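Okay, structure_1.pdb now, which holds PDB, C-alpha atoms:
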ATOM      1  CA  MET B   1     126.142 -79.723-118.411
ATOM      2  CA  ASN B   2     123.505 -81.233-116.110
ATOM      3  CA  GLU B   3     124.300 -81.784-112.456
ATOM      4  CA  PRO B   4     125.181 -85.453-111.941
ATOM      5  CA  ILE B   5     122.554 -87.639-110.308
ATOM      6  CA  VAL B   6     125.147 -90.139-109.072
ATOM      7  CA  GLU B   7     128.752 -89.339-108.209
ATOM      8  CA  ALA B   8     131.515 -91.661-107.053
ATOM      9  CA  ARG B   9     134.803 -90.094-106.027
ATOM     10  CA  ASN B  10     137.930 -92.156-105.297
ATOM     11  CA  VAL B  11     135.740 -95.142-104.417
ATOM     12  CA  SER B  12     137.409 -98.398-103.439
ATOM     13  CA  LYS B  13     135.836-101.548-102.016
ATOM     14  CA  THR B  14     137.607-104.414-100.259
ATOM     15  CA  LEU B  15     135.807-107.739 -99.902
ATOM     16  CA  GLY B  16     136.696-110.722 -97.731
ATOM     17  CA  THR B  17     139.297-111.083 -95.020
ATOM     18  CA  GLY B  18     142.661-112.726 -94.552
ATOM     19  CA  ALA B  19     143.858-114.810 -97.482
ATOM     20  CA  ALA B  20     140.497-114.255 -99.222
ATOM     21  CA  LYS B  21     140.761-110.466 -99.061
ATOM     22  CA  VAL B  22     140.481-108.766-102.445
ATOM     23  CA  LYS B  23     140.206-105.142-103.563
ATOM     24  CA  ALA B  24     137.145-105.396-105.772
ATOM     25  CA  LEU B  25     137.071-101.687-106.696
ATOM     26  CA  LYS B  26     140.080 -99.401-107.035
ATOM     27  CA  HIS B  27     139.765 -95.626-106.808
ATOM     28  CA  ILE B  28     136.717 -95.231-109.042
ATOM     29  CA  ASP B  29     135.713 -91.751-110.242
ATOM     30  CA  LEU B  30     132.357 -91.694-112.039
ATOM     31  CA  SER B  31     129.411 -89.379-112.661
ATOM     32  CA  LEU B  32     126.021 -90.332-114.086
ATOM     33  CA  GLU B  33     123.754 -87.663-115.545
ATOM     34  CA  GLY B  34     120.048 -87.654-116.253
ATOM     35  CA  GLY B  35     118.922 -88.353-119.805
ATOM     36  CA  LYS B  36     121.720 -90.814-120.593
ATOM     37  CA  LEU B  37     121.983 -94.586-120.723
ATOM     38  CA  THR B  38     125.429 -95.810-119.698
ATOM     39  CA  VAL B  39     126.596 -99.351-120.420
ATOM     40  CA  LEU B  40     129.192-100.920-118.126
ATOM     41  CA  MET B  41     131.131-103.871-119.524
ATOM     42  CA  GLY B  42     133.950-106.062-118.295
ATOM     43  CA  PRO B  43     134.964-109.703-117.783
ATOM     44  CA  SER B  44     133.576-111.853-114.979
ATOM     45  CA  GLY B  45     135.051-110.857-111.635
ATOM     46  CA  SER B  46     136.062-107.401-112.842
ATOM     47  CA  GLY B  47     133.912-105.555-110.282
ATOM     48  CA  LYS B  48     130.794-104.692-112.306
ATOM     49  CA  THR B  49     128.216-105.943-109.835
ATOM     50  CA  THR B  50     130.213-104.627-106.870
ATOM     51  CA  LEU B  51     130.265-101.162-108.426
ATOM     52  CA  LEU B  52     126.535-101.352-109.113
ATOM     53  CA  SER B  53     125.930-102.357-105.485
ATOM     54  CA  VAL B  54     128.027 -99.470-104.149
ATOM     55  CA  LEU B  55     126.337 -96.927-106.416
ATOM     56  CA  GLY B  56     122.967 -98.356-105.391
ATOM     57  CA  CYS B  57     123.742 -97.978-101.665
ATOM     58  CA  MET B  58     123.553-101.722-101.102
ATOM     59  CA  LEU B  59     127.254-101.832-100.179
ATOM     60  CA  ALA B  60     129.229 -99.091 -98.456
ATOM     61  CA  PRO B  61     132.584 -98.199-100.042
ATOM     62  CA  SER B  62     135.729 -98.996 -98.063
ATOM     63  CA  GLU B  63     137.184 -95.681 -99.239
ATOM     64  CA  GLY B  64     135.855 -92.663-101.093
ATOM     65  CA  THR B  65     132.489 -90.973-101.371
ATOM     66  CA  VAL B  66     129.189 -91.689-103.137
ATOM     67  CA  ARG B  67     126.594 -88.960-103.608
ATOM     68  CA  ILE B  68     123.044 -89.575-104.808
ATOM     69  CA  CYS B  69     121.108 -86.472-105.903
ATOM     70  CA  GLY B  70     123.547 -84.354-103.917
ATOM     71  CA  SER B  71     123.284 -86.390-100.706
ATOM     72  CA  SER B  72     126.458 -88.066 -99.462
ATOM     73  CA  THR B  73     126.266 -91.628 -98.168
ATOM     74  CA  ASP B  74     129.312 -91.133 -95.938
ATOM     75  CA  GLY B  75     128.628 -92.583 -92.509
ATOM     76  CA  ALA B  76     124.988 -93.250 -93.352
ATOM     77  CA  SER B  77     123.142 -95.776 -91.216
ATOM     78  CA  ARG B  78     121.373 -98.763 -92.759
ATOM     79  CA  GLU B  79     118.096 -96.931 -92.316
ATOM     80  CA  ARG B  80     119.426 -93.849 -94.092
ATOM     81  CA  LEU B  81     120.809 -95.944 -96.974
ATOM     82  CA  ALA B  82     117.463 -97.727 -97.274
ATOM     83  CA  LYS B  83     115.705 -94.369 -97.501
ATOM     84  CA  ILE B  84     118.076 -93.197-100.246
ATOM     85  CA  ARG B  85     117.332 -96.388-102.183
ATOM     86  CA  ARG B  86     113.579 -95.943-101.765
ATOM     87  CA  ASP B  87     113.648 -92.274-102.739
ATOM     88  CA  HIS B  88     116.084 -92.284-105.619
ATOM     89  CA  ILE B  89     117.046 -95.723-106.984
ATOM     90  CA  GLY B  90     115.293 -98.390-109.052
ATOM     91  CA  PHE B  91     116.859-101.806-109.566
ATOM     92  CA  VAL B  92     116.442-104.262-112.448
ATOM     93  CA  PHE B  93     117.976-107.737-112.154
ATOM     94  CA  GLN B  94     118.738-110.605-114.500
ATOM     95  CA  SER B  95     116.344-113.021-112.778
ATOM     96  CA  PHE B  96     113.298-110.706-112.621
ATOM     97  CA  HIS B  97     112.500-111.397-108.910
ATOM     98  CA  LEU B  98     108.732-111.366-109.447
ATOM     99  CA  PHE B  99     106.419-112.895-106.848
ATOM    100  CA  PRO B 100     104.735-115.882-108.541
ATOM    101  CA  THR B 101     101.439-115.558-106.636
ATOM    102  CA  LEU B 102     100.960-111.895-107.552
ATOM    103  CA  THR B 103      99.703-110.462-110.837
ATOM    104  CA  ALA B 104     101.803-108.131-112.959
ATOM    105  CA  ALA B 105     100.017-105.111-111.508
ATOM    106  CA  GLU B 106     100.363-106.409-107.951
ATOM    107  CA  ASN B 107     104.100-107.011-108.418
ATOM    108  CA  ILE B 108     104.488-103.408-109.539
ATOM    109  CA  ARG B 109     102.371-102.074-106.687
ATOM    110  CA  LEU B 110     104.725-103.702-104.177
ATOM    111  CA  ALA B 111     107.234-100.947-104.922
ATOM    112  CA  LEU B 112     104.616 -98.381-103.958
ATOM    113  CA  ASP B 113     103.378-100.325-100.952
ATOM    114  CA  VAL B 114     106.790-100.171 -99.237
ATOM    115  CA  ARG B 115     106.607 -96.383 -99.670
ATOM    116  CA  GLY B 116     103.179 -96.197 -98.083
ATOM    117  CA  GLU B 117     101.332 -95.576-101.360
ATOM    118  CA  ARG B 118      98.227 -97.743-101.643
ATOM    119  CA  GLY B 119      94.667 -97.690-102.875
ATOM    120  CA  ALA B 120      93.297 -96.186-106.079
ATOM    121  CA  ARG B 121      96.347 -94.053-106.822
ATOM    122  CA  ALA B 122      98.657 -97.056-106.619
ATOM    123  CA  ARG B 123      96.384 -99.079-108.900
ATOM    124  CA  THR B 124      96.322 -96.226-111.409
ATOM    125  CA  ARG B 125     100.102 -95.877-111.329
ATOM    126  CA  ALA B 126     100.548 -99.626-111.914
ATOM    127  CA  ARG B 127      98.265 -99.481-114.956
ATOM    128  CA  GLU B 128     100.121 -96.450-116.322
ATOM    129  CA  VAL B 129     103.499 -98.125-115.910
ATOM    130  CA  LEU B 130     102.346-101.373-117.522
ATOM    131  CA  THR B 131     101.200 -99.311-120.486
ATOM    132  CA  ARG B 132     104.573 -97.556-120.507
ATOM    133  CA  VAL B 133     106.416-100.883-120.841
ATOM    134  CA  GLY B 134     104.007-102.198-123.479
ATOM    135  CA  LEU B 135     101.916-104.559-121.333
ATOM    136  CA  PRO B 136      98.532-102.845-120.784
ATOM    137  CA  HIS B 137      96.791-106.151-121.564
ATOM    138  CA  LYS B 138      98.745-108.110-118.923
ATOM    139  CA  ILE B 139      97.523-106.356-115.777
ATOM    140  CA  LYS B 140      95.991-109.518-114.309
ATOM    141  CA  ALA B 141      98.543-111.985-115.677
ATOM    142  CA  PHE B 142     100.683-114.005-113.285
ATOM    143  CA  PRO B 143     104.419-114.465-113.948
ATOM    144  CA  ARG B 144     103.826-118.061-115.080
ATOM    145  CA  ASP B 145     101.633-116.674-117.869
ATOM    146  CA  LEU B 146     104.303-114.234-119.098
ATOM    147  CA  SER B 147     107.274-114.798-121.374
ATOM    148  CA  GLY B 148     110.761-113.978-120.126
ATOM    149  CA  GLY B 149     110.702-110.677-121.976
ATOM    150  CA  GLU B 150     107.311-109.787-120.505
ATOM    151  CA  GLN B 151     108.488-110.658-116.992
ATOM    152  CA  GLN B 152     111.477-108.358-117.413
ATOM    153  CA  ARG B 153     109.175-105.580-118.590
ATOM    154  CA  VAL B 154     107.132-106.010-115.429
ATOM    155  CA  ALA B 155     110.363-105.859-113.414
ATOM    156  CA  ILE B 156     111.278-102.618-115.179
ATOM    157  CA  GLY B 157     107.819-101.282-114.405
ATOM    158  CA  ARG B 158     108.344-102.087-110.736
ATOM    159  CA  ALA B 159     111.705-100.284-110.849
ATOM    160  CA  ILE B 160     110.285 -97.082-112.352
ATOM    161  CA  VAL B 161     106.823 -96.855-110.764
ATOM    162  CA  ALA B 162     108.073 -94.726-107.851
ATOM    163  CA  GLU B 163     109.837 -92.385-110.298
ATOM    164  CA  PRO B 164     113.424 -92.878-109.104
ATOM    165  CA  SER B 165     116.197 -90.621-110.316
ATOM    166  CA  VAL B 166     118.471 -93.488-111.340
ATOM    167  CA  ILE B 167     117.889 -97.002-112.708
ATOM    168  CA  LEU B 168     120.599 -99.608-112.068
ATOM    169  CA  ALA B 169     120.242-102.747-114.192
ATOM    170  CA  ASP B 170     122.433-105.820-113.645
ATOM    171  CA  GLU B 171     122.504-108.009-116.775
ATOM    172  CA  PRO B 172     118.824-107.261-117.519
ATOM    173  CA  THR B 173     118.902-109.072-120.870
ATOM    174  CA  ALA B 174     121.037-112.106-119.983
ATOM    175  CA  ALA B 175     118.032-114.431-119.619
ATOM    176  CA  LEU B 176     116.373-113.172-122.824
ATOM    177  CA  ASP B 177     116.678-113.946-126.506
ATOM    178  CA  GLY B 178     118.053-111.315-128.862
ATOM    179  CA  GLU B 179     114.716-109.813-129.838
ATOM    180  CA  ASN B 180     113.486-109.438-126.276
ATOM    181  CA  GLY B 181     116.881-108.150-125.156
ATOM    182  CA  GLN B 182     116.717-105.420-127.776
ATOM    183  CA  ALA B 183     113.171-104.535-126.715
ATOM    184  CA  VAL B 184     114.164-104.241-123.049
ATOM    185  CA  MET B 185     117.141-102.037-123.887
ATOM    186  CA  GLY B 186     114.887 -99.871-126.013
ATOM    187  CA  ILE B 187     112.590 -99.341-123.030
ATOM    188  CA  LEU B 188     115.504 -98.465-120.731
ATOM    189  CA  SER B 189     116.919 -96.043-123.288
ATOM    190  CA  ALA B 190     113.546 -94.325-123.682
ATOM    191  CA  ILE B 191     113.161 -94.052-119.904
ATOM    192  CA  ALA B 192     116.521 -92.281-119.690
ATOM    193  CA  LYS B 193     115.795 -89.799-122.441
ATOM    194  CA  GLU B 194     112.092 -89.112-122.017
ATOM    195  CA  GLN B 195     112.125 -88.916-118.224
ATOM    196  CA  ASN B 196     115.626 -87.475-117.731
ATOM    197  CA  ARG B 197     116.802 -90.346-115.554
ATOM    198  CA  ALA B 198     120.279 -91.769-115.243
ATOM    199  CA  VAL B 199     120.338 -95.397-116.381
ATOM    200  CA  LEU B 200     123.335 -97.676-115.833
ATOM    201  CA  VAL B 201     123.240-101.122-117.436
ATOM    202  CA  VAL B 202     125.743-103.898-116.736
ATOM    203  CA  THR B 203     125.950-106.301-119.674
ATOM    204  CA  HIS B 204     128.250-108.761-121.420
ATOM    205  CA  ASP B 205     126.307-108.476-124.690
ATOM    206  CA  THR B 206     128.141-106.295-127.203
ATOM    207  CA  ARG B 207     125.053-106.318-129.448
ATOM    208  CA  LEU B 208     123.390-103.928-127.004
ATOM    209  CA  ILE B 209     125.960-101.141-126.993
ATOM    210  CA  GLY B 210     124.155 -99.380-129.827
ATOM    211  CA  PHE B 211     121.624 -98.235-127.224
ATOM    212  CA  ALA B 212     124.322 -96.611-125.094
ATOM    213  CA  ASP B 213     125.075 -92.924-124.862
ATOM    214  CA  ARG B 214     128.200 -93.823-122.939
ATOM    215  CA  ILE B 215     130.255 -97.013-122.738
ATOM    216  CA  LEU B 216     132.453 -97.837-119.760
ATOM    217  CA  ARG B 217     134.757-100.761-119.207
ATOM    218  CA  ILE B 218     136.014-102.049-115.880
ATOM    219  CA  GLU B 219     138.974-104.397-115.486
ATOM    220  CA  ASP B 220     140.380-105.753-112.218
ATOM    221  CA  GLY B 221     138.301-103.249-110.276
ATOM    222  CA  ALA B 222     139.560-100.183-112.161
ATOM    223  CA  LEU B 223     137.488 -98.122-114.556
ATOM    224  CA  GLN B 224     139.096 -97.763-117.981
ATOM    225  CA  PRO B 225     138.742 -94.950-120.555
ATOM    226  CA  GLU B 226     136.362 -95.978-123.324
ATOM    227  CA  GLU B 227     135.801 -94.900-126.886
ATOM    228  CA  PRO B 228     132.540 -92.946-127.251
ATOM    229  CA  ASN B 229     129.632 -94.872-128.715
ATOM    230  CA  ARG B 230     128.378 -91.901-130.709
ATOM    231  CA  SER B 231     129.651 -88.438-131.553
ATOM    232  CA  ASN B 232     130.087 -87.106-128.003
ATOM    233  CA  VAL B 233     133.347 -87.586-126.157
ATOM    234  CA  TYR B 234     133.284 -88.560-122.488
ATOM    235  CA  GLN B 235     136.209 -88.544-120.133
ATOM    236  CA  ILE B 236     136.126 -91.291-117.519
ATOM    237  CA  ARG B 237     138.741 -90.944-114.804
ATOM    238  CA  SER B 238     140.206 -93.694-112.683
ATOM    239  CA  SER B 239     143.070 -92.944-110.349
ATOM    240  CA  ALA B 240     143.951 -96.610-109.907
TER     241      ALA B 240
END

Whole structure, C-alpha cells version:
Amino acid sequence: MNEPIVEARNVSKTLGTGAAKVKALKHIDLSLEGGKLTVLMGPSGSGKTTLLSVLGCMLAPSEGTVRICGSSTDGASRERLAKIRRDHIGFVFQSFHLFPTLTAAENIRLALDVRGERGARARTRAREVLTRVGLPHKIKAFPRDLSGGEQQRVAIGRAIVAEPSVILADEPTAALDGENGQAVMGILSAIAKEQNRAVLVVTHDTRLIGFADRILRIEDGALQPEEPNRSNVYQIRSSA
C-alpha cells in the first residue's frame, strides 16, 4: 500500500459561537493515497466543504490531526499553512475564479508567479498544462471567450501547474452540463492515475461516481462507510 498523501485522524471542527455553535465535523478518520480519485458525497450542510477546507489547510481543526505529505499541521502558523498549500495542494472550485482581464495562459501562470516562478519556464509550463487539459489552441483566449467547460479546464490547469501532491475539487462540475462535467471528471481521473496524485472531489451528481476509485459519504459531520465503486474494498473509519 502507498503511503497516504493526506491523513486526518480524529478530526473535529466546531463553527460559530453561542446559540449558533455547531459541530460541523465529528471525529473524522481519513487517508488519501496517490493514484486514486475519491468522490465525497452528502446532503447540503453535511460538512463536505468544511472537510475539504480542513484537509486543504484553509481551516484548522478544533480537534485531531491533519498531515500533508508527512507534515503535521498541528500548531502551524498562518504562514506555515500557506506554505503547505503552495507546496502540496491544488484547488478547483465550482465558480472557476478566473481573472477576466487575463488570458488562459496568464491565469495559469498566476499559480507559478506566487511561487516565484516567472519568465520562459513559466510560459512553457502554462502551454504544457493547457495541452494537458485539451486547450492548446486557447492560450491567448480570455475567460469571456471560453465556454464554462473550457473555463473549468483552465482552472484545473492552474491547480496542477505547480505539480501539487493533492487536488481538492469542490463541486467542479456543478456549473457545467452533463457532457462537460464528464469531460472534467475524466481529466481529474487521468491526473490522479497518470501523475500519482490524490484527488478528492466533492459532488452531488451521482452520474459522476463511475469515475471514482473510492466513494465516501458524509452525514451530519460524520464520515460513513461506503460501498466500493469497483472491485476493491475500502474501509473508511469514523469514530463519531

Pull out every residue that the PyMOL selection byres ((chain B and resi 49) around 12) matches in the shown coordinates and put them as a ChimeraX atom specification. /B:13,24-25,40-48,50-56,58-59,93-94,168-171,200-204,218,221

Residues from last step as file, C-alpha atoms, as an mmCIF file, keeping the file's coordinate frame:
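Generated output (result.cif):
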data_model
loop_
_atom_site.group_PDB
_atom_site.id
_atom_site.type_symbol
_atom_site.label_atom_id
_atom_site.label_comp_id
_atom_site.auth_asym_id
_atom_site.auth_seq_id
_atom_site.Cartn_x
_atom_site.Cartn_y
_atom_site.Cartn_z
ATOM 1 C CA LYS B 13 135.836 -101.548 -102.016
ATOM 2 C CA ALA B 24 137.145 -105.396 -105.772
ATOM 3 C CA LEU B 25 137.071 -101.687 -106.696
ATOM 4 C CA LEU B 40 129.192 -100.920 -118.126
ATOM 5 C CA MET B 41 131.131 -103.871 -119.524
ATOM 6 C CA GLY B 42 133.950 -106.062 -118.295
ATOM 7 C CA PRO B 43 134.964 -109.703 -117.783
ATOM 8 C CA SER B 44 133.576 -111.853 -114.979
ATOM 9 C CA GLY B 45 135.051 -110.857 -111.635
ATOM 10 C CA SER B 46 136.062 -107.401 -112.842
ATOM 11 C CA GLY B 47 133.912 -105.555 -110.282
ATOM 12 C CA LYS B 48 130.794 -104.692 -112.306
ATOM 13 C CA THR B 50 130.213 -104.627 -106.870
ATOM 14 C CA LEU B 51 130.265 -101.162 -108.426
ATOM 15 C CA LEU B 52 126.535 -101.352 -109.113
ATOM 16 C CA SER B 53 125.930 -102.357 -105.485
ATOM 17 C CA VAL B 54 128.027 -99.470 -104.149
ATOM 18 C CA LEU B 55 126.337 -96.927 -106.416
ATOM 19 C CA GLY B 56 122.967 -98.356 -105.391
ATOM 20 C CA MET B 58 123.553 -101.722 -101.102
ATOM 21 C CA LEU B 59 127.254 -101.832 -100.179
ATOM 22 C CA PHE B 93 117.976 -107.737 -112.154
ATOM 23 C CA GLN B 94 118.738 -110.605 -114.500
ATOM 24 C CA LEU B 168 120.599 -99.608 -112.068
ATOM 25 C CA ALA B 169 120.242 -102.747 -114.192
ATOM 26 C CA ASP B 170 122.433 -105.820 -113.645
ATOM 27 C CA GLU B 171 122.504 -108.009 -116.775
ATOM 28 C CA LEU B 200 123.335 -97.676 -115.833
ATOM 29 C CA VAL B 201 123.240 -101.122 -117.436
ATOM 30 C CA VAL B 202 125.743 -103.898 -116.736
ATOM 31 C CA THR B 203 125.950 -106.301 -119.674
ATOM 32 C CA HIS B 204 128.250 -108.761 -121.420
ATOM 33 C CA ILE B 218 136.014 -102.049 -115.880
ATOM 34 C CA GLY B 221 138.301 -103.249 -110.276
#

I would like the residues chosen by the PyMOL selection byres ((chain B and resi 9) around 8) on the shown file; could you give them as a PDB file with C-alpha atoms, in the coordinates of the input?
ATOM      1  CA  GLU B   7     128.752 -89.339-108.209  1.00  0.00           C
ATOM      2  CA  ALA B   8     131.515 -91.661-107.053  1.00  0.00           C
ATOM      3  CA  ASN B  10     137.930 -92.156-105.297  1.00  0.00           C
ATOM      4  CA  VAL B  11     135.740 -95.142-104.417  1.00  0.00           C
ATOM      5  CA  HIS B  27     139.765 -95.626-106.808  1.00  0.00           C
ATOM      6  CA  ILE B  28     136.717 -95.231-109.042  1.00  0.00           C
ATOM      7  CA  ASP B  29     135.713 -91.751-110.242  1.00  0.00           C
ATOM      8  CA  LEU B  30     132.357 -91.694-112.039  1.00  0.00           C
ATOM      9  CA  GLY B  64     135.855 -92.663-101.093  1.00  0.00           C
ATOM     10  CA  THR B  65     132.489 -90.973-101.371  1.00  0.00           C
ATOM     11  CA  VAL B  66     129.189 -91.689-103.137  1.00  0.00           C
TER      12      VAL B  66
END

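Take the candidates B:Ile187, B:Ile89, B:Leu176, B:Leu146 and check each one against Gly134 of chain B using only C-alpha atoms; the shortest distance goes to B:Ile187.
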
Looking at B:Arg153, B:Arg217, B:Lys83, B:Arg121, which one is nearest to His97 of chain B, with distances taken over all atoms listed in the file?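 Selected residue with least distance to His97 of chain B: B:Arg153.
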
Taking every listed atom of segment 177-187 of chain B and adding 3 Å to each side, what centre and edge lengths in Å (one decimal) does the axis-aligned box have, as JSON?
{"center_x": 115.3, "center_y": -106.6, "center_z": -126.4, "size_x": 11.5, "size_y": 20.6, "size_z": 12.8}

Give me, as a ChimeraX atom specification, all polymer residues having an atom no more than 12 Å from segment 123-129 of chain B, counting all atoms listed in the file and skipping those fewer than 4 positions away in the same chain. /B:103-113,117-119,133-140,153-163,187,191

Rounded to one decimal place, report the atom CA of Phe142 of chain B-atom CA of Ala183 of chain B distance in Å.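 A separation of 20.6 Å between them.
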
Which of B:Cys57, B:Leu188, B:Ala76, B:Ala82 sits closest to Arg132 of chain B [using only C-alpha atoms]: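 Under the stated criterion, the closest residue is B:Leu188.
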
One decimal, Å: what's the distance from atom CA of Gln195 of chain B over to atom CA of Phe99 of chain B, could you say? 27.1 Å

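Residues in contact with Asp205 of chain B at 10 Å, where only C-alpha atoms are counted and same-chain residues fewer than 4 positions away are skipped, are listed as Met41, Glu171, Thr173, Ala174, Gly178, Gly181 and Ile209 of chain B.
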
Using all atoms listed in the file, which of the listed residues (B:Ser165, B:Thr14, B:Ser189, B:Gln151) sits closest to Ile84 of chain B?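 Result for the nearest residue to Ile84 of chain B: B:Ser165.
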
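Note that the spacing between atom CA of His88 of chain B and atom CA of Asn196 of chain B amounts to 13.0 Å.
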
Of the candidates B:Thr206, B:Gln152, B:Ser31, B:Ser95, which shows the shortest atom-to-atom distance to Ile68 of chain B, using all atoms listed in the file? B:Ser31

Taking (119.6, -86.1, -111.8) in the file's own coordinates, collect the residues within 8 Å, counting only C-alpha atoms, and hand them back as a list in words.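 Residues lying no farther than 8 Å from the given point: Asn2, Glu3, Pro4, Ile5, Val6, Glu33, Gly34, Cys69, Ser165, Val166, Asn196, Arg197 and Ala198 of chain B.
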
Write out the residues from the selection above, keeping C-alpha atoms, as a compact mmCIF listing (two decimals), keeping the file's coordinate frame.
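Saved file result-v2.txt follows:
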# COMPACT_ATOMS: atom_id res chain seq x y z
CA ASN B 2 123.50 -81.23 -116.11
CA GLU B 3 124.30 -81.78 -112.46
CA PRO B 4 125.18 -85.45 -111.94
CA ILE B 5 122.55 -87.64 -110.31
CA VAL B 6 125.15 -90.14 -109.07
CA GLU B 33 123.75 -87.66 -115.54
CA GLY B 34 120.05 -87.65 -116.25
CA CYS B 69 121.11 -86.47 -105.90
CA SER B 165 116.20 -90.62 -110.32
CA VAL B 166 118.47 -93.49 -111.34
CA ASN B 196 115.63 -87.48 -117.73
CA ARG B 197 116.80 -90.35 -115.55
CA ALA B 198 120.28 -91.77 -115.24

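For the residues B:Leu37, B:Ala60, B:Ala141, B:Leu15, ranking by smallest atom-to-atom distance to Gly75 of chain B using only C-alpha atoms places B:Ala60 first.
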
Taking N, CA and C atoms as the atom set, what does segment 106-118 of chain B look like once completed, written as a PDB file, in the frame of the given file?
ATOM      1  N   GLU B 106     100.072-106.288-109.384  1.00  0.00           N
ATOM      2  CA  GLU B 106     100.363-106.409-107.951  1.00  0.00           C
ATOM      3  C   GLU B 106     101.866-106.406-107.692  1.00  0.00           C
ATOM      4  N   ASN B 107     102.648-107.042-108.563  1.00  0.00           N
ATOM      5  CA  ASN B 107     104.100-107.011-108.418  1.00  0.00           C
ATOM      6  C   ASN B 107     104.617-105.577-108.496  1.00  0.00           C
ATOM      7  N   ILE B 108     104.061-104.797-109.400  1.00  0.00           N
ATOM      8  CA  ILE B 108     104.488-103.408-109.539  1.00  0.00           C
ATOM      9  C   ILE B 108     104.065-102.593-108.322  1.00  0.00           C
ATOM     10  N   ARG B 109     102.861-102.853-107.821  1.00  0.00           N
ATOM     11  CA  ARG B 109     102.371-102.074-106.687  1.00  0.00           C
ATOM     12  C   ARG B 109     103.177-102.332-105.413  1.00  0.00           C
ATOM     13  N   LEU B 110     103.888-103.443-105.350  1.00  0.00           N
ATOM     14  CA  LEU B 110     104.725-103.702-104.177  1.00  0.00           C
ATOM     15  C   LEU B 110     105.725-102.569-103.949  1.00  0.00           C
ATOM     16  N   ALA B 111     106.259-102.030-105.050  1.00  0.00           N
ATOM     17  CA  ALA B 111     107.234-100.947-104.922  1.00  0.00           C
ATOM     18  C   ALA B 111     106.608 -99.692-104.351  1.00  0.00           C
ATOM     19  N   LEU B 112     105.317 -99.523-104.545  1.00  0.00           N
ATOM     20  CA  LEU B 112     104.616 -98.381-103.958  1.00  0.00           C
ATOM     21  C   LEU B 112     104.187 -98.688-102.528  1.00  0.00           C
ATOM     22  N   ASP B 113     103.835 -99.935-102.277  1.00  0.00           N
ATOM     23  CA  ASP B 113     103.378-100.325-100.952  1.00  0.00           C
ATOM     24  C   ASP B 113     104.452-100.067 -99.893  1.00  0.00           C
ATOM     25  N   VAL B 114     105.715-100.371-100.218  1.00  0.00           N
ATOM     26  CA  VAL B 114     106.790-100.171 -99.237  1.00  0.00           C
ATOM     27  C   VAL B 114     107.033 -98.683 -98.986  1.00  0.00           C
ATOM     28  N   ARG B 115     106.492 -97.829 -99.851  1.00  0.00           N
ATOM     29  CA  ARG B 115     106.607 -96.383 -99.670  1.00  0.00           C
ATOM     30  C   ARG B 115     105.338 -95.792 -99.080  1.00  0.00           C
ATOM     31  N   GLY B 116     104.410 -96.670 -98.702  1.00  0.00           N
ATOM     32  CA  GLY B 116     103.179 -96.197 -98.083  1.00  0.00           C
ATOM     33  C   GLY B 116     102.129 -95.717 -99.054  1.00  0.00           C
ATOM     34  N   GLU B 117     102.298 -96.003-100.349  1.00  0.00           N
ATOM     35  CA  GLU B 117     101.332 -95.576-101.360  1.00  0.00           C
ATOM     36  C   GLU B 117     100.438 -96.759-101.714  1.00  0.00           C
ATOM     37  N   ARG B 118      99.156 -96.640-101.416  1.00  0.00           N
ATOM     38  CA  ARG B 118      98.227 -97.743-101.643  1.00  0.00           C
ATOM     39  C   ARG B 118      96.919 -97.201-102.226  1.00  0.00           C
TER      40      ARG B 118
END
